[in-house]
Every structure is written in C-alpha cells, then in structure tokens.
>>> print(open('query-v4.txt').read())   # compact mmCIF, C-alpha atoms
# COMPACT_ATOMS: atom_id res chain seq x y z
CA MET A 1 20.75 -65.42 15.01
CA ALA A 2 18.66 -63.98 12.24
CA GLU A 3 19.96 -60.93 10.53
CA LEU A 4 17.82 -57.88 10.48
CA GLU A 5 17.67 -56.19 7.12
CA ILE A 6 16.88 -52.55 6.87
CA HIS A 7 15.89 -51.35 3.46
CA THR A 8 16.18 -47.66 2.75
CA GLU A 9 15.24 -45.87 -0.42
CA VAL A 10 18.35 -45.59 -2.52
CA GLU A 11 19.37 -42.22 -3.77
CA GLY A 12 18.08 -41.67 -7.23
CA GLY A 13 15.25 -44.13 -6.68
CA ASP A 14 12.69 -41.42 -7.45
CA PRO A 15 14.08 -39.07 -10.10
CA PHE A 16 10.68 -37.34 -10.39
CA GLY A 17 10.76 -36.75 -6.64
CA LYS A 18 14.10 -34.98 -6.99
CA LYS A 19 12.61 -32.69 -9.62
CA ILE A 20 9.64 -32.00 -7.38
CA GLY A 21 12.00 -31.19 -4.52
CA VAL A 22 13.86 -28.68 -6.66
CA LEU A 23 10.57 -27.25 -7.90
CA ALA A 24 9.32 -26.87 -4.33
CA SER A 25 12.54 -25.05 -3.43
CA ILE A 26 12.13 -22.67 -6.36
CA LEU A 27 8.52 -22.02 -5.38
CA ALA A 28 9.67 -21.31 -1.81
CA VAL A 29 12.11 -18.71 -3.14
CA PHE A 30 9.33 -17.06 -5.19
CA LEU A 31 7.12 -17.15 -2.12
CA GLY A 32 9.80 -15.45 -0.04
CA VAL A 33 10.32 -12.70 -2.61
CA VAL A 34 6.60 -12.02 -3.07
CA THR A 35 6.08 -12.02 0.71
CA ILE A 36 8.79 -9.40 1.17
CA VAL A 37 7.39 -7.27 -1.66
CA SER A 38 3.90 -7.59 -0.21
CA HIS A 39 5.00 -6.55 3.27
CA ARG A 40 6.96 -3.61 1.86
CA ALA A 41 3.91 -2.47 -0.12
CA HIS A 42 1.75 -2.58 3.00
CA THR A 43 4.34 -0.53 4.89
CA ASP A 44 4.49 2.01 2.07
CA ALA A 45 0.70 2.27 2.00
CA VAL A 46 0.62 2.98 5.74
CA LEU A 47 3.34 5.62 5.36
CA PHE A 48 1.55 7.29 2.44
CA LYS A 49 -1.72 7.26 4.37
CA SER A 50 -0.04 8.80 7.41
CA THR A 51 1.54 11.49 5.24
CA ALA A 52 -1.82 12.15 3.58
CA ASN A 53 -3.44 12.54 7.01
CA ASP A 54 -0.76 15.07 7.96
CA LYS A 55 -1.41 16.97 4.75
CA TRP A 56 -5.15 16.98 5.38
CA SER A 57 -4.48 18.37 8.87
CA PHE A 58 -2.34 21.11 7.32
CA TYR A 59 -5.17 21.90 4.90
CA GLN A 60 -7.66 22.08 7.78
CA ALA A 61 -5.35 24.42 9.70
CA LYS A 62 -5.22 26.75 6.69
CA ARG A 63 -9.01 26.67 6.39
CA ILE A 64 -9.43 27.43 10.11
CA LYS A 65 -7.13 30.44 9.73
CA PHE A 66 -9.15 31.54 6.71
CA HIS A 67 -12.43 31.24 8.62
CA SER A 68 -10.93 33.14 11.58
CA LEU A 69 -10.12 35.98 9.20
CA GLU A 70 -13.68 35.86 7.87
CA LEU A 71 -14.93 36.19 11.43
CA GLY A 72 -12.62 39.18 11.96
CA VAL A 73 -13.95 40.82 8.80
CA ASP A 74 -17.52 40.21 9.94
CA LEU A 75 -16.81 41.70 13.37
CA LEU A 76 -15.12 44.77 11.93
CA ASN A 77 -17.96 45.24 9.47
CA ALA A 78 -20.44 45.01 12.35
CA LEU A 79 -18.91 48.05 14.03
CA PRO A 80 -21.05 51.15 13.50
CA ALA A 81 -18.20 53.38 12.36
CA HIS A 82 -14.99 52.52 10.60
CA ASN A 83 -11.82 54.27 11.47
CA PRO A 84 -8.57 54.20 9.47
CA ALA A 85 -7.12 51.43 11.67
CA ALA A 86 -10.18 49.24 11.03
CA ASP A 87 -9.91 49.87 7.28
CA GLN A 88 -6.23 48.91 7.34
CA THR A 89 -7.07 45.77 9.29
CA LEU A 90 -9.82 44.89 6.82
CA ALA A 91 -7.41 45.35 3.90
CA ARG A 92 -4.80 43.18 5.63
CA TYR A 93 -7.44 40.52 6.38
CA GLU A 94 -8.55 40.46 2.74
CA LYS A 95 -4.93 40.03 1.64
CA GLU A 96 -4.43 37.23 4.16
CA LYS A 97 -7.68 35.56 3.08
CA LYS A 98 -6.37 35.41 -0.50
CA ARG A 99 -3.09 33.92 0.73
CA TYR A 100 -4.87 31.31 2.87
CA THR A 101 -7.23 30.45 0.00
CA LYS A 102 -4.26 29.83 -2.28
CA GLU A 103 -2.31 27.88 0.35
CA SER A 104 -5.31 25.77 1.35
CA ASN A 105 -6.06 24.91 -2.29
CA GLU A 106 -2.43 23.81 -2.76
CA ALA A 107 -2.54 21.80 0.48
CA GLN A 108 -5.80 20.16 -0.55
CA GLU A 109 -4.38 19.16 -3.94
CA ASP A 110 -1.23 17.81 -2.30
CA ALA A 111 -3.28 15.79 0.20
CA ARG A 112 -5.45 14.36 -2.59
CA LYS A 113 -2.38 13.28 -4.58
CA THR A 114 -0.90 11.58 -1.54
CA ASP A 115 -4.22 9.83 -0.88
CA GLU A 116 -4.18 8.60 -4.49
CA LYS A 117 -0.63 7.26 -4.01
CA ALA A 118 -1.76 5.43 -0.87
CA GLU A 119 -4.71 3.89 -2.71
CA HIS A 120 -2.46 2.86 -5.60
CA VAL A 121 0.02 1.14 -3.27
CA GLU A 122 -2.84 -0.53 -1.38
CA GLY A 123 -4.06 -1.93 -4.71
CA GLN A 124 -0.59 -3.24 -5.44
CA ALA A 125 -0.35 -4.78 -1.96
CA LEU A 126 -3.66 -6.56 -2.52
CA ARG A 127 -2.35 -8.14 -5.71
CA PHE A 128 0.90 -9.10 -4.00
CA ASP A 129 -1.10 -10.70 -1.17
CA PHE A 130 -3.21 -12.64 -3.65
CA GLY A 131 -0.07 -13.77 -5.46
CA GLU A 132 1.54 -14.76 -2.18
CA GLY A 133 -1.47 -16.89 -1.24
CA LEU A 134 -1.56 -18.68 -4.60
CA ILE A 135 2.18 -19.37 -4.53
CA GLU A 136 1.85 -20.72 -1.00
CA ILE A 137 -1.01 -22.99 -2.06
CA GLY A 138 1.08 -24.11 -5.03
CA LEU A 139 4.03 -24.92 -2.77
CA VAL A 140 1.86 -26.96 -0.40
CA LEU A 141 0.15 -28.83 -3.23
CA THR A 142 3.48 -29.55 -4.89
CA SER A 143 4.89 -30.86 -1.61
CA LEU A 144 1.95 -33.26 -1.24
CA TYR A 145 3.61 -35.36 -3.94
CA PHE A 146 5.98 -36.70 -1.27
CA ILE A 147 3.05 -38.01 0.77
CA ALA A 148 0.70 -39.25 -1.95
CA ARG A 149 3.17 -39.91 -4.78
CA SER A 150 0.54 -38.58 -7.14
CA LYS A 151 1.73 -36.42 -10.04
CA LEU A 152 -1.56 -34.55 -9.96
CA PHE A 153 -0.46 -32.53 -6.91
CA PRO A 154 2.63 -30.96 -8.52
CA VAL A 155 0.67 -30.19 -11.68
CA VAL A 156 -2.08 -28.36 -9.80
CA GLY A 157 0.56 -26.79 -7.53
CA VAL A 158 2.51 -25.38 -10.47
CA ILE A 159 -0.67 -23.99 -12.01
CA SER A 160 -1.53 -22.28 -8.71
CA ALA A 161 2.01 -20.95 -8.32
CA LEU A 162 2.07 -19.60 -11.88
CA LEU A 163 -1.21 -17.82 -11.28
CA GLY A 164 0.26 -16.41 -8.08
CA ILE A 165 3.38 -15.19 -9.87
CA ALA A 166 1.17 -13.59 -12.53
CA ALA A 167 -0.91 -11.89 -9.82
CA ALA A 168 2.23 -10.58 -8.14
CA ILE A 169 3.62 -9.27 -11.43
CA SER A 170 0.28 -7.58 -12.13
CA GLY A 171 0.85 -5.62 -8.92
CA TYR A 172 3.80 -3.93 -10.61
CA LEU A 173 1.76 -3.25 -13.73
CA LEU A 174 -1.05 -1.58 -11.77
>>> encode(input="query-v4.txt", output="structure tokens")
Amino acid sequence: MAELEIHTEVEGGDPFGKKIGVLASILAVFLGVVTIVSHRAHTDAVLFKSTANDKWSFYQAKRIKFHSLELGVDLLNALPAHNPAADQTLARYEKEKKRYTKESNEAQEDARKTDEKAEHVEGQALRFDFGEGLIEIGLVLTSLYFIARSKLFPVVGVISALLGIAAAISGYLL
C-alpha cells in the first residue's frame, strides 16, 4: 500500500510572512483606534449641533418676546389718549425690550459659538474618516501578500496606512 505524504508549510518557512502578519495586526489595532475616535467625533458633532439648535430656539423665543413688546408699544401708542397706567406700561415695556435685546444678543452669540464647535468637530470627524479609510485600504493591501506573495502589496499598504495615520493625527491638529 502506497503511503500518502502530506506536506505542510513548516513554521518559520516564510519569515517575511510572519513580519507581514505582525504588521497587519498592528494596522488592525490602528484601524480600531481611529474608527473609535471617528465614531466619537461624529457623536460629539451631533450633540453640539443639537445643543446649537436648542440655543437658536432660545434666541428665537427671546426675539419673539421682544417683538411682542414692540407690538404692545405700537398698540399703546395708537391709543388717542395716554393715561398714567398706559405710560407706566410703556415704560415697563421699554425696560423689558432692553432686557430682551441684551438676552437675545447673548443667546445669539452662544448659539454661534456652539455652531462653530459643531463645525470644528465635523471637520475633525472628516479627517478621522479619511484616515480610517486609508488605514483600512493599507490593511487590505498588506494582507494581499498572503495570497499573491508579492512584496509590493505590503509596501503600498504601509504607505496607505501611514497616510491614514497622518490624516487621523491631522484631525487632532485641526
């Protein structure tokens, strides 16, 4: 009876393959970190935008109150004769209009700053996304070494991953 020989690749038969395997693992860790940072940035951007919308609503409420007071002043001024109660009401309305003007200006500034924060974080998230994509491409290209046994794939993969890491880091510098 003929013996059947099964040949398997011996451990250590491809030392470059081991290095590529370790490199792919390191790239996967970078990919995981950048993905988490990217997702967190998107969540923060949504939260900032929601807060900004709330602040714009607060600003609009202050402006509506201001315009209601203007209407009251116009109505009282349209009356043919002013009495002391109307004059007191007009004085109170003028005081309230000043308060609402101040409060609405503060609310508007606060809403603008929060909008700027949201835009800043959205810019960061975009860079993190770009970095994530390049690292992912780098990981896939590096892993193609195991199919094609061509050293070109890991080289191009590392270049892509380094560009992705640089893009992700630039998100923090933005």
>>> closest_residue(input="query-v4.txt", among="A:Gln108, A:Ser143, A:Ser25, A:Glu116", to="Asp54 of chain A", atoms="only C-alpha atoms")
A:Gln108
>>> residues_around(input="query-v4.txt", residues="segment 61-68 of chain A", least_positions_apart="4", cutoff="12 Å", atoms="all atoms listed in the file", output="PyMOL selection string")
chain A and resi 54-57+72-75+93-108
>>> residues_around(input="query-v4.txt", residues="Val33 of chain A", least_positions_apart="5", cutoff="12 Å", atoms="only C-alpha atoms", output="ChimeraX atom specification")
/A:26-28,38-40,128-129,131-132,135-136,165,168-169
>>> atom_distance(input="query-v4.txt", atom1="atom CA of Asp115 of chain A", atom2="atom CA of Asn53 of chain A")
8.4 Å
>>> atom_distance(input="query-v4.txt", atom1="atom CA of Thr114 of chain A", atom2="atom CA of Ile36 of chain A")
23.3 Å
>>> closest_residue(input="query-v4.txt", among="A:Ala52, A:Leu76, A:Leu174, A:Leu31", to="Lys113 of chain A", atoms="all atoms listed in the file")
A:Ala52
>>> closest_residue(input="query-v4.txt", among="A:Ala111, A:Ala118, A:Val155, A:Leu134", to="Phe30 of chain A", atoms="all atoms listed in the file")
A:Leu134
>>> closest_residue(input="query-v4.txt", among="A:Ala166, A:Leu69, A:Phe146, A:Leu47", to="Arg92 of chain A", atoms="all atoms listed in the file")
A:Leu69
>>> atom_distance(input="query-v4.txt", atom1="atom CA of Arg127 of chain A", atom2="atom CA of Leu152 of chain A")
26.8 Å
>>> residues_around(input="query-v4.txt", residues="Tyr145 of chain A", least_positions_apart="2", cutoff="12 Å", atoms="all atoms listed in the file", output="NGL selection string")
:A and (14 or 16-21 or 23-24 or 138-143 or 147-158)
>>> residues_around(input="query-v4.txt", residues="Gln124 of chain A", least_positions_apart="5", cutoff="8 Å", atoms="only C-alpha atoms", output="list in words")
Ala41, Gly171, Tyr172 and Leu174 of chain A
>>> closest_residue(input="query-v4.txt", among="A:Gln88, A:Leu126, A:Val121, A:Leu173", to="Ala45 of chain A", atoms="only C-alpha atoms")
A:Val121
>>> axis_aligned_box(input="query-v4.txt", around="segment 145-153 of chain A", padding_each_side="8 Å", output="JSON")
{"center_x": 2.2, "center_y": -36.2, "center_z": -4.6, "size_x": 23.5, "size_y": 23.4, "size_z": 26.8}
